[in-house]
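Enquirer: So I've got this file, target-v4.cif, and it contains mmCIF, C-alpha atoms:
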data_target
#
loop_
_atom_site.label_atom_id
_atom_site.label_comp_id
_atom_site.auth_asym_id
_atom_site.auth_seq_id
_atom_site.Cartn_x
_atom_site.Cartn_y
_atom_site.Cartn_z
CA MET A 1 -72.84 19.38 -28.69
CA SER A 2 -75.21 16.79 -30.05
CA GLY A 3 -77.85 15.07 -27.97
CA ASP A 4 -76.18 11.78 -28.82
CA ARG A 5 -73.75 12.48 -26.02
CA LEU A 6 -76.54 12.07 -23.49
CA PRO A 7 -77.62 8.75 -22.01
CA ARG A 8 -81.33 8.05 -21.81
CA LEU A 9 -83.39 7.90 -18.65
CA ARG A 10 -84.67 4.55 -17.46
CA PRO A 11 -87.85 3.21 -19.13
CA ARG A 12 -90.31 4.36 -16.48
CA THR A 13 -88.73 7.81 -16.38
CA ARG A 14 -88.59 8.06 -20.15
CA ARG A 15 -92.27 7.23 -20.59
CA ARG A 16 -93.26 9.93 -18.15
CA LEU A 17 -91.16 12.69 -19.65
CA THR A 18 -91.94 14.57 -22.83
CA ALA A 19 -90.43 13.20 -26.01
CA GLY A 20 -88.33 16.33 -26.30
CA ILE A 21 -86.18 15.42 -23.29
CA LEU A 22 -83.11 13.49 -24.25
CA ALA A 23 -82.65 12.38 -20.71
CA ALA A 24 -79.50 11.28 -19.09
CA VAL A 25 -78.81 9.84 -15.74
CA ALA A 26 -76.37 11.75 -13.72
CA VAL A 27 -74.39 10.86 -10.65
CA VAL A 28 -72.09 12.76 -8.41
CA GLY A 29 -68.82 11.91 -6.94
CA LEU A 30 -67.57 11.32 -3.51
CA ALA A 31 -63.81 10.93 -3.86
CA VAL A 32 -61.82 11.12 -0.67
CA ALA A 33 -64.85 12.29 1.35
CA LEU A 34 -65.52 8.61 2.01
CA ILE A 35 -62.41 8.45 4.15
CA GLY A 36 -62.99 9.95 7.57
CA SER A 37 -66.72 9.15 7.72
CA SER A 38 -67.47 6.66 10.45
CA SER A 39 -70.47 5.30 8.56
CA SER A 40 -68.83 5.30 5.14
CA PRO A 41 -66.42 2.39 5.27
CA THR A 42 -63.27 2.56 3.22
CA VAL A 43 -62.46 -0.21 0.82
CA ALA A 44 -59.20 -1.74 1.85
CA GLY A 45 -57.07 -4.55 0.60
CA ASN A 46 -57.11 -6.19 -2.79
CA ASP A 47 -59.97 -5.90 -5.23
CA GLY A 48 -59.51 -9.37 -6.66
CA SER A 49 -57.72 -8.14 -9.76
CA GLY A 50 -54.30 -7.54 -8.26
CA HIS A 51 -54.87 -3.83 -7.70
CA PRO A 52 -55.47 -2.06 -4.40
CA ALA A 53 -58.98 -0.73 -3.94
CA ALA A 54 -59.52 2.76 -5.30
CA THR A 55 -60.40 4.40 -2.00
CA THR A 56 -56.93 3.63 -0.67
CA ARG A 57 -55.16 5.29 -3.55
CA GLY A 58 -53.81 8.75 -4.06
CA GLY A 59 -53.35 10.09 -7.54
CA PRO A 60 -53.14 13.10 -9.78
CA THR A 61 -55.76 15.78 -9.33
CA LYS A 62 -56.82 18.50 -11.70
CA ALA A 63 -57.18 22.19 -10.97
CA HIS A 64 -60.92 21.72 -10.53
CA ASP A 65 -60.53 18.89 -7.96
CA PRO A 66 -61.12 20.39 -4.49
CA GLY A 67 -59.70 17.36 -2.70
CA PRO A 68 -61.23 15.97 0.48
CA PRO A 69 -64.33 18.08 1.14
CA ALA A 70 -64.61 17.79 4.92
CA SER A 71 -62.90 16.74 8.08
CA THR A 72 -64.29 13.86 10.08
CA SER A 73 -65.88 16.16 12.66
CA LYS A 74 -67.54 18.33 10.05
CA ARG A 75 -68.82 15.33 8.11
CA THR A 76 -70.30 13.84 11.29
CA ALA A 77 -72.03 17.11 12.13
CA ALA A 78 -73.49 17.30 8.64
CA THR A 79 -75.34 14.03 9.16
CA ASP A 80 -77.45 15.81 11.80
CA ALA A 81 -78.25 18.63 9.38
CA GLN A 82 -80.72 18.96 6.54
CA ALA A 83 -78.65 17.99 3.52
CA PRO A 84 -75.81 15.65 2.49
CA PRO A 85 -73.02 16.68 0.09
CA LEU A 86 -74.55 17.76 -3.21
CA GLY A 87 -73.66 17.41 -6.85
CA VAL A 88 -75.32 18.72 -9.98
CA TYR A 89 -75.90 17.78 -13.62
CA THR A 90 -76.57 20.79 -15.86
CA GLY A 91 -76.16 19.30 -19.34
CA PRO A 92 -73.22 18.16 -21.49
CA GLY A 93 -70.08 20.12 -20.72
CA ASN A 94 -72.02 22.98 -19.13
CA SER A 95 -69.62 23.90 -16.36
CA ALA A 96 -70.82 27.53 -16.35
CA ALA A 97 -74.34 26.44 -15.45
CA ALA A 98 -73.00 24.13 -12.73
CA GLU A 99 -70.99 26.98 -11.24
CA ALA A 100 -74.09 29.19 -11.29
CA VAL A 101 -76.03 26.55 -9.34
CA ALA A 102 -73.19 26.24 -6.86
CA ALA A 103 -73.11 30.02 -6.37
CA GLN A 104 -76.87 30.09 -5.84
CA LEU A 105 -76.41 27.48 -3.10
CA GLY A 106 -73.60 29.31 -1.35
CA ASN A 107 -70.80 27.41 -3.13
CA ARG A 108 -71.65 24.24 -1.25
CA VAL A 109 -71.85 21.87 -4.23
CA PRO A 110 -68.61 19.86 -4.36
CA TYR A 111 -69.50 17.52 -7.24
CA ALA A 112 -70.56 17.81 -10.86
CA LEU A 113 -71.71 15.07 -13.22
CA ASP A 114 -71.15 14.68 -16.94
CA TYR A 115 -71.27 11.81 -19.42
CA LEU A 116 -69.09 10.36 -22.14
CA PRO A 117 -70.88 9.78 -25.45
CA ARG A 118 -71.78 6.30 -26.61
CA THR A 119 -72.18 6.97 -30.32
CA THR A 120 -68.99 5.08 -31.30
CA TRP A 121 -65.93 3.55 -29.64
CA THR A 122 -63.93 6.53 -30.92
CA ALA A 123 -66.22 9.00 -29.18
CA LEU A 124 -66.54 6.91 -26.03
CA THR A 125 -62.78 6.67 -25.54
CA ASP A 126 -62.01 10.35 -26.18
CA PRO A 127 -62.67 12.44 -23.04
CA SER A 128 -60.82 15.50 -24.33
CA TRP A 129 -63.98 17.55 -24.96
CA LEU A 130 -65.16 16.87 -21.41
CA ALA A 131 -61.79 17.71 -19.87
CA GLN A 132 -61.66 20.99 -21.79
CA ARG A 133 -65.09 22.09 -20.63
CA TRP A 134 -64.47 21.32 -16.96
CA GLN A 135 -60.90 22.61 -16.83
CA GLY A 136 -60.52 25.02 -13.94
CA SER A 137 -63.98 24.43 -12.47
CA PRO A 138 -64.26 24.00 -8.67
CA PHE A 139 -65.89 20.56 -8.81
CA HIS A 140 -64.75 17.01 -8.34
CA LEU A 141 -65.99 15.37 -11.50
CA VAL A 142 -68.25 12.32 -11.74
CA ILE A 143 -68.22 10.81 -15.23
CA GLY A 144 -70.93 8.54 -16.62
CA VAL A 145 -69.05 5.88 -18.59
CA PRO A 146 -70.98 3.77 -21.12
CA MET A 147 -69.99 0.11 -21.22
CA LEU A 148 -70.72 -0.18 -24.94
CA PRO A 149 -71.31 2.06 -27.95
CA SER A 150 -74.77 2.29 -29.44
CA SER A 151 -74.23 -0.56 -31.87
CA GLY A 152 -71.81 -3.25 -32.94
CA ALA A 153 -70.89 -4.66 -29.53
CA THR A 154 -72.51 -6.78 -26.83
CA LEU A 155 -72.19 -7.49 -23.13
CA ALA A 156 -71.32 -11.11 -23.92
CA GLN A 157 -68.38 -9.97 -26.05
CA GLY A 158 -67.24 -7.54 -23.37
CA ALA A 159 -67.32 -10.29 -20.76
CA THR A 160 -64.68 -12.17 -22.76
CA GLY A 161 -62.25 -9.23 -22.60
CA ALA A 162 -62.83 -8.28 -26.23
CA PHE A 163 -62.96 -4.56 -25.43
CA ASP A 164 -60.25 -4.28 -22.79
CA ALA A 165 -58.06 -2.28 -25.17
CA GLN A 166 -60.72 0.41 -25.57
CA PHE A 167 -60.96 0.93 -21.83
CA GLN A 168 -57.20 0.95 -21.44
CA THR A 169 -57.15 3.77 -23.99
CA LEU A 170 -59.90 5.62 -22.12
CA ALA A 171 -58.04 5.33 -18.81
CA GLU A 172 -54.78 6.52 -20.36
CA ARG A 173 -56.50 9.56 -21.86
CA LEU A 174 -58.32 10.41 -18.64
CA VAL A 175 -55.01 10.35 -16.78
CA GLN A 176 -53.37 12.47 -19.48
CA ASP A 177 -56.21 14.99 -19.22
CA GLY A 178 -55.80 15.29 -15.45
CA LEU A 179 -58.87 13.21 -14.64
CA GLY A 180 -57.13 10.18 -13.17
CA GLY A 181 -58.89 10.76 -9.85
CA ALA A 182 -62.41 11.10 -11.25
CA ILE A 183 -65.37 9.09 -10.02
CA LEU A 184 -66.52 6.81 -12.83
CA MET A 185 -70.19 5.84 -12.97
CA LEU A 186 -69.64 2.76 -15.09
CA GLY A 187 -72.51 0.96 -16.82
CA TYR A 188 -75.14 3.24 -15.26
CA GLN A 189 -78.81 2.21 -15.30
CA PRO A 190 -78.53 -1.39 -16.48
CA ASP A 191 -82.31 -1.53 -15.97
CA ASP A 192 -82.86 0.75 -19.00
CA GLU A 193 -83.83 -1.35 -22.00
CA ASP A 194 -82.54 1.33 -24.38
CA THR A 195 -78.95 1.08 -23.21
CA PRO A 196 -76.68 -1.34 -25.10
CA TRP A 197 -75.74 -2.87 -21.72
CA TYR A 198 -79.34 -3.53 -20.68
CA VAL A 199 -79.70 -6.43 -18.26
CA GLY A 200 -82.86 -8.24 -19.28
CA SER A 201 -82.02 -11.79 -18.25
CA ARG A 202 -79.93 -13.76 -15.79
CA ALA A 203 -77.40 -14.49 -18.56
CA ALA A 204 -77.10 -10.77 -19.28
CA ALA A 205 -76.63 -10.09 -15.56
CA LEU A 206 -73.71 -12.53 -15.44
CA ASP A 207 -72.14 -10.93 -18.52
CA TYR A 208 -72.65 -7.44 -17.06
CA VAL A 209 -70.86 -8.42 -13.84
CA ARG A 210 -67.94 -10.09 -15.64
CA TYR A 211 -67.57 -7.17 -18.02
CA TRP A 212 -67.71 -4.57 -15.22
CA ARG A 213 -64.93 -6.38 -13.37
CA ALA A 214 -62.80 -6.59 -16.51
CA ILE A 215 -63.21 -2.87 -17.23
CA ARG A 216 -62.33 -1.89 -13.68
CA ALA A 217 -59.22 -4.07 -13.61
CA THR A 218 -58.09 -2.76 -16.99
CA MET A 219 -58.55 0.90 -16.09
CA LEU A 220 -56.90 0.69 -12.67
CA ALA A 221 -53.86 -1.04 -14.20
CA VAL A 222 -53.00 2.18 -16.07
CA PRO A 223 -50.22 4.17 -14.35
CA GLY A 224 -51.62 7.21 -12.57
CA ALA A 225 -55.17 5.83 -12.39
CA ALA A 226 -56.86 6.43 -9.05
CA PHE A 227 -60.49 6.20 -10.11
CA LEU A 228 -63.40 5.47 -7.81
CA PHE A 229 -66.09 3.28 -9.36
CA GLU A 230 -69.74 4.07 -8.72
CA TRP A 231 -72.43 1.51 -9.52
CA ASP A 232 -75.77 3.14 -10.33
CA ALA A 233 -78.47 0.48 -10.46
CA GLY A 234 -80.93 3.07 -11.74
CA ASP A 235 -84.43 2.40 -10.55
CA ALA A 236 -84.38 -1.33 -11.36
CA GLY A 237 -88.08 -1.66 -10.53
CA THR A 238 -88.71 -2.06 -14.25
CA SER A 239 -86.04 -4.70 -14.80
CA PRO A 240 -86.74 -8.45 -14.85
CA GLU A 241 -83.58 -8.88 -12.76
CA SER A 242 -83.04 -7.49 -9.28
CA PRO A 243 -80.18 -5.09 -8.55
CA ALA A 244 -78.56 -7.86 -6.51
CA ALA A 245 -78.16 -9.94 -9.68
CA MET A 246 -76.39 -7.03 -11.41
CA TYR A 247 -74.08 -6.14 -8.53
CA PRO A 248 -70.44 -6.47 -9.64
CA GLY A 249 -69.30 -7.42 -6.13
CA SER A 250 -67.99 -5.52 -3.14
CA ALA A 251 -64.37 -5.92 -4.23
CA PHE A 252 -65.16 -4.07 -7.46
CA VAL A 253 -67.55 -1.29 -6.37
CA ASP A 254 -66.63 1.78 -4.32
CA ILE A 255 -70.05 3.46 -4.19
CA VAL A 256 -73.55 1.98 -4.49
CA ALA A 257 -76.12 4.34 -6.02
CA THR A 258 -79.74 4.66 -7.07
CA ASP A 259 -82.06 7.30 -8.58
CA ALA A 260 -84.86 9.25 -6.89
CA PHE A 261 -87.17 11.34 -9.10
CA ASP A 262 -90.48 12.72 -7.90
CA PHE A 263 -92.75 10.77 -10.25
CA VAL A 264 -96.35 10.16 -9.30
CA GLY A 265 -97.94 8.96 -12.55
CA ALA A 266 -101.74 9.02 -12.49
CA ASP A 267 -102.15 8.82 -8.72
CA PRO A 268 -102.56 12.32 -7.25
CA ALA A 269 -102.55 10.89 -3.72
CA THR A 270 -98.80 10.37 -4.02
CA HIS A 271 -98.00 13.97 -4.98
CA GLY A 272 -95.04 15.24 -3.03
CA HIS A 273 -94.71 12.09 -0.97
CA TRP A 274 -91.07 11.20 -0.53
CA ALA A 275 -92.16 8.01 1.21
CA THR A 276 -93.75 6.78 -2.03
CA VAL A 277 -90.43 6.98 -3.85
CA LEU A 278 -88.43 5.84 -0.84
CA ASP A 279 -90.33 2.60 -0.33
CA GLN A 280 -90.99 1.59 -3.93
CA ARG A 281 -89.64 -1.71 -5.24
CA TYR A 282 -85.84 -1.48 -5.19
CA GLY A 283 -86.14 2.16 -4.18
CA PRO A 284 -83.75 4.17 -2.01
CA ALA A 285 -84.76 2.37 1.22
CA TRP A 286 -84.01 -1.01 -0.35
CA MET A 287 -80.74 0.25 -1.81
CA SER A 288 -79.65 1.78 1.49
CA ALA A 289 -80.10 -1.57 3.21
CA PHE A 290 -78.30 -3.32 0.35
CA ALA A 291 -75.34 -0.92 0.53
CA ALA A 292 -75.11 -1.32 4.31
CA SER A 293 -75.19 -5.11 4.05
CA HIS A 294 -72.21 -4.92 1.68
CA HIS A 295 -70.39 -2.31 3.79
CA LYS A 296 -70.52 0.25 0.98
CA PRO A 297 -71.28 3.97 1.05
CA MET A 298 -74.41 4.99 -0.82
CA ALA A 299 -75.14 7.85 -3.22
CA ILE A 300 -78.24 9.23 -4.88
CA ALA A 301 -76.88 9.16 -8.41
CA ILE A 302 -79.50 11.58 -9.69
CA TRP A 303 -82.64 13.08 -8.22
CA GLY A 304 -85.02 15.90 -9.00
CA GLU A 305 -88.47 17.37 -9.36
CA VAL A 306 -90.58 16.44 -12.39
CA PRO A 307 -93.21 18.72 -13.98
CA ALA A 308 -96.82 17.67 -13.42
CA SER A 309 -97.32 17.77 -17.18
CA THR A 310 -94.90 14.88 -17.58
CA GLY A 311 -96.01 12.61 -14.77
CA GLY A 312 -94.34 14.31 -11.84
CA ALA A 313 -95.54 15.98 -8.67
CA GLY A 314 -94.56 19.44 -9.85
CA ASP A 315 -93.24 22.07 -7.45
CA GLN A 316 -93.06 20.12 -4.18
CA PRO A 317 -90.77 21.58 -1.50
CA ALA A 318 -91.67 18.79 0.94
CA TYR A 319 -90.14 16.23 -1.42
CA VAL A 320 -86.84 18.12 -1.49
CA THR A 321 -86.76 18.58 2.27
CA GLN A 322 -87.67 14.99 3.09
CA LEU A 323 -85.27 13.46 0.55
CA LEU A 324 -82.31 15.51 1.76
CA ARG A 325 -83.05 14.93 5.45
CA TRP A 326 -83.32 11.20 4.86
CA ALA A 327 -80.08 11.21 2.88
CA ALA A 328 -78.26 13.16 5.60
CA ALA A 329 -79.57 10.83 8.31
CA LYS A 330 -78.43 7.80 6.29
CA ARG A 331 -75.03 9.40 5.71
CA VAL A 332 -75.49 9.31 1.95
CA VAL A 333 -72.17 10.51 0.55
CA MET A 334 -73.65 12.55 -2.29
CA CYS A 335 -76.95 13.56 -3.87
CA VAL A 336 -76.66 14.72 -7.48
CA LEU A 337 -79.39 17.12 -8.55
CA TRP A 338 -80.73 16.76 -12.09
CA ASP A 339 -80.92 20.44 -13.06
CA TYR A 340 -81.45 20.35 -16.81
CA GLN A 341 -84.09 21.18 -19.41
CA ASN A 342 -87.65 21.16 -18.06
CA MET A 343 -86.46 19.60 -14.81
CA THR A 344 -84.23 22.55 -13.91
CA LEU A 345 -85.10 22.91 -10.25
CA THR A 346 -83.04 26.05 -9.65
CA GLY A 347 -84.22 27.93 -12.74
CA GLY A 348 -87.64 29.25 -11.74
CA ALA A 349 -90.06 26.48 -12.74
CA PHE A 350 -90.01 25.08 -9.20
CA PRO A 351 -89.71 28.17 -6.97
CA ALA A 352 -90.93 26.55 -3.75
CA ALA A 353 -88.72 23.50 -4.20
CA SER A 354 -85.75 25.69 -5.08
CA ALA A 355 -86.25 27.71 -1.90
CA ALA A 356 -86.47 24.48 0.12
CA LEU A 357 -83.19 23.32 -1.40
CA SER A 358 -81.49 26.59 -0.45
CA ARG A 359 -82.79 26.35 3.11
CA ALA A 360 -81.64 22.75 3.46
CA VAL A 361 -78.14 23.54 2.22
CA ALA A 362 -77.91 26.59 4.47
CA GLY A 363 -79.01 24.49 7.43
CA ALA A 364 -76.40 21.86 6.68
CA ALA A 365 -73.69 24.52 6.48
CA GLY A 366 -74.63 25.83 9.90
CA ALA A 367 -74.64 22.41 11.57
#
Just give me the structure of the file as C-alpha cells.
Expert:
Amino acid sequence: MSGDRLPRLRPRTRRRLTAGILAAVAVVGLAVALIGSSSSPTVAGNDGSGHPAATTRGGPTKAHDPGPPASTSKRTAATDAQAPPLGVYTGPGNSAAAEAVAAQLGNRVPYALDYLPRTTWTALTDPSWLAQRWQGSPFHLVIGVPMLPSSGATLAQGATGAFDAQFQTLAERLVQDGLGGAILMLGYQPDDEDTPWYVGSRAAALDYVRYWRAIRATMLAVPGAAFLFEWDAGDAGTSPESPAAMYPGSAFVDIVATDAFDFVGADPATHGHWATVLDQRYGPAWMSAFAASHHKPMAIAIWGEVPASTGGAGDQPAYVTQLLRWAAAKRVVMCVLWDYQNMTLTGGAFPAASAALSRAVAGAAGA
C-alpha cells in the first residue's frame, strides 16, 4: 500500500519527526460504549439535519464489531483504574499488527484506527480495501475520513454542497461493506497546514463547519448508516484559529478529540512531563473542559512516545502512566495509541514505556 494513503501529522509534529515518517493521525472509536457511562452523555434528539443523533441509533455491525464493550458498572469501575479503553493504529490495513498489540495487552484493546486515502475522489470514496483488511478482526473500527482529496477541491466548494454526492457514495459503500456502524473521524487535524481542509482563517473555519455539517447530514441519510462522528481538533496550538472556531456544533459531533504526543523539543526540563503536554495551549486539559462545556464525551485521538532523536522525550514510562491515569479519571472514552514506524511503543524501542502500558491495562482490568 502506498504512503499516499496516510494523512500527515500536524505541523509541529511533522517538524519534529524524521522526514522518513509519513505520519498520520489516528483516532479510536467509542461506539455504544458511550451509552451507559454516567459522565459520557448520550446525544439525543435531532441533529439539526432531520436525522436522529448517531448515538441513539442501532445499525448493522460487522464480524469484527464487538458491540458495547462494557456494562455501566464495569465502565464506572474502570474510571478508578489506571487506563481508559484503548485503541491502536499500526499502519494502513495492518490488522495483524493490531491484533498482536491487543494480544500483548491481554486482549483489552477494543478499537483500531485506519484511514481512507486522499489521493483522489475515487480513492477516497472506495473503502473496499480497508474493509477487506479488517474483515473478521476483533476491533470496532475508527476510520479517518478526509474532507477533500489532495488537489482540485476546496473547503469553500464543499460548504456549498458541491461534494455531497461523493460522500453519499462513500456512506453507501461503507454500509455495503458492513461498516455502517463505524466511528468516522471526519476532517481530522484541521490545524495541519498540509491538509487540503486546513483552517487558516476565520473564513476557512466557517467553511469547514458548514462542510462538516453537510457531510454528516448526507452520510446519515443513507439507509443503514449508523455512524458516530468524531471531531479531532489535532493539536491546534499551531493554528491561527482556536478549536472553538472550528467546532461543527454539538448537534453534529458525537465525540470531541485531541492529540497527545510526548514532544519536548529543545527543552530537556520537560522530558517525560505529562503536565507539559496536558497544559499546553489547546492541549488535553483545555479540550477536556471544552468537551464538558458542550456535554460531549472526549477521546485522545492519537497519543504516543516520540524518540529523543526526533524531538521527543524517548522511553518515558511516567508519561504513559500519567496520561492514562488522567484519561481514566476524566472518563475519556478512548485513547488510541500510535504504534507505527519509529514510534512503535510496543515493539522494543520503548521497553520501559511498554511495560508501563501493560501494567496500566492490567490494573484497569482488575478494577
Enquirer: Could you please determine the separation between CA of Ala260 in chain A and CA of Ile302 in chain A in Å, to one decimal place?
Expert: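 CA of Ala260 in chain A sits 6.5 Å away from CA of Ile302 in chain A.
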Enquirer: Running the PyMOL selection byres ((chain A and resi 338) around 6) on this model by hand, what would come out? Give it as a PyMOL selection string.
Expert: chain A and resi 89+302-304+337+339-340
Enquirer: Tell me which residues the PyMOL selection byres ((chain A and resi 115-128) around 8) grabs here, as a ChimeraX atom specification.
Expert: /A:4-7,26,92,113-114,129-132,143-146,148-151,166-167,169-170,173-174,177
Enquirer: Might you pull out every residue within 7 Å of range 250-259 of chain A, with only C-alpha atoms counted and same-chain residues fewer than 3 positions away left off, and present them as an NGL selection string?
Expert: :A and (43 or 47-48 or 213 or 228-235 or 284 or 287 or 291 or 294 or 296-303)
Enquirer: So that I have them on file, write out the residues from the current selection with C-alpha atoms, as a PDB file, in the frame of the given file.
Expert:
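Full text of out.pdb as output:
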ATOM      1  CA  VAL A  43     -62.460  -0.210   0.820  1.00  0.00           C
ATOM      2  CA  ASP A  47     -59.970  -5.900  -5.230  1.00  0.00           C
ATOM      3  CA  GLY A  48     -59.510  -9.370  -6.660  1.00  0.00           C
ATOM      4  CA  ARG A 213     -64.930  -6.380 -13.370  1.00  0.00           C
ATOM      5  CA  LEU A 228     -63.400   5.470  -7.810  1.00  0.00           C
ATOM      6  CA  PHE A 229     -66.090   3.280  -9.360  1.00  0.00           C
ATOM      7  CA  GLU A 230     -69.740   4.070  -8.720  1.00  0.00           C
ATOM      8  CA  TRP A 231     -72.430   1.510  -9.520  1.00  0.00           C
ATOM      9  CA  ASP A 232     -75.770   3.140 -10.330  1.00  0.00           C
ATOM     10  CA  ALA A 233     -78.470   0.480 -10.460  1.00  0.00           C
ATOM     11  CA  GLY A 234     -80.930   3.070 -11.740  1.00  0.00           C
ATOM     12  CA  ASP A 235     -84.430   2.400 -10.550  1.00  0.00           C
ATOM     13  CA  PRO A 284     -83.750   4.170  -2.010  1.00  0.00           C
ATOM     14  CA  MET A 287     -80.740   0.250  -1.810  1.00  0.00           C
ATOM     15  CA  ALA A 291     -75.340  -0.920   0.530  1.00  0.00           C
ATOM     16  CA  HIS A 294     -72.210  -4.920   1.680  1.00  0.00           C
ATOM     17  CA  LYS A 296     -70.520   0.250   0.980  1.00  0.00           C
ATOM     18  CA  PRO A 297     -71.280   3.970   1.050  1.00  0.00           C
ATOM     19  CA  MET A 298     -74.410   4.990  -0.820  1.00  0.00           C
ATOM     20  CA  ALA A 299     -75.140   7.850  -3.220  1.00  0.00           C
ATOM     21  CA  ILE A 300     -78.240   9.230  -4.880  1.00  0.00           C
ATOM     22  CA  ALA A 301     -76.880   9.160  -8.410  1.00  0.00           C
ATOM     23  CA  ILE A 302     -79.500  11.580  -9.690  1.00  0.00           C
ATOM     24  CA  TRP A 303     -82.640  13.080  -8.220  1.00  0.00           C
TER      25      TRP A 303
END
Enquirer: In Å, rounded to a single decimal, give me how far CA of Ala225 in chain A is from CA of Arg331 in chain A.
Expert: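 Atom-to-atom, CA of Arg331 in chain A to CA of Ala225 in chain A, that is 27.1 Å.
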Enquirer: Quick one: distance from CA of Asn107 in chain A to CA of Ala353 in chain A in Å, one decimal?
Expert: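 Computed distance, CA of Asn107 in chain A to CA of Ala353 in chain A, equals 18.4 Å.
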Enquirer: Could you list, as an mmCIF file with C-alpha atoms, keeping the file's coordinate frame, every residue matched by the PyMOL selection byres ((chain A and resi 275) around 10) in this structure?
Expert:
data_model
loop_
_atom_site.group_PDB
_atom_site.id
_atom_site.type_symbol
_atom_site.label_atom_id
_atom_site.label_comp_id
_atom_site.auth_asym_id
_atom_site.auth_seq_id
_atom_site.Cartn_x
_atom_site.Cartn_y
_atom_site.Cartn_z
ATOM 1 C CA THR A 270 -98.800 10.370 -4.020
ATOM 2 C CA GLY A 272 -95.040 15.240 -3.030
ATOM 3 C CA HIS A 273 -94.710 12.090 -0.970
ATOM 4 C CA TRP A 274 -91.070 11.200 -0.530
ATOM 5 C CA THR A 276 -93.750 6.780 -2.030
ATOM 6 C CA VAL A 277 -90.430 6.980 -3.850
ATOM 7 C CA LEU A 278 -88.430 5.840 -0.840
ATOM 8 C CA ASP A 279 -90.330 2.600 -0.330
ATOM 9 C CA GLN A 280 -90.990 1.590 -3.930
ATOM 10 C CA GLY A 283 -86.140 2.160 -4.180
ATOM 11 C CA PRO A 284 -83.750 4.170 -2.010
ATOM 12 C CA ALA A 285 -84.760 2.370 1.220
ATOM 13 C CA TYR A 319 -90.140 16.230 -1.420
ATOM 14 C CA GLN A 322 -87.670 14.990 3.090
ATOM 15 C CA LEU A 323 -85.270 13.460 0.550
#
Enquirer: Enumerate, as a PyMOL selection string, the protein, DNA and RNA residues whose atoms approach (-67.3, 21.0, -17.5) to within 7 Å, taking into account all atoms listed in the file and the coordinate frame of the file.
Expert: chain A and resi 93-95+130-131+133-135+137
Enquirer: Which of these residues is nearest to Gln189 in chain A, using all atoms listed in the file: A:Pro243, A:Gly161, A:Gly224, A:Pro84?
Expert: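 Going through A:Pro243, A:Gly161, A:Gly224, A:Pro84 one by one, the smallest distance to Gln189 in chain A is for A:Pro243.
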Enquirer: Under the rule that only C-alpha atoms are counted, which of A:Leu220, A:Met246, A:Ala356, A:Leu155 is the nearest residue to Val320 in chain A?
Expert: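 Among the listed residues, the smallest separation from Val320 in chain A belongs to A:Ala356.
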Enquirer: Which residue is closest to Ala364 in chain A? Choose from A:Ala292, A:Val109, A:Ala182, A:Val101 and count all atoms listed in the file.
Expert: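 Between A:Ala292, A:Val109, A:Ala182, A:Val101, the residue approaching Ala364 in chain A most closely is A:Val109.
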Enquirer: Measuring atom to atom with only C-alpha atoms, identify which of A:Ala318, A:Leu86, A:Ala329, A:Ala313 is nearest to Ser288 in chain A.
Expert: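 Looking at the shortest contact to Ser288 in chain A, the residue is A:Ala329.
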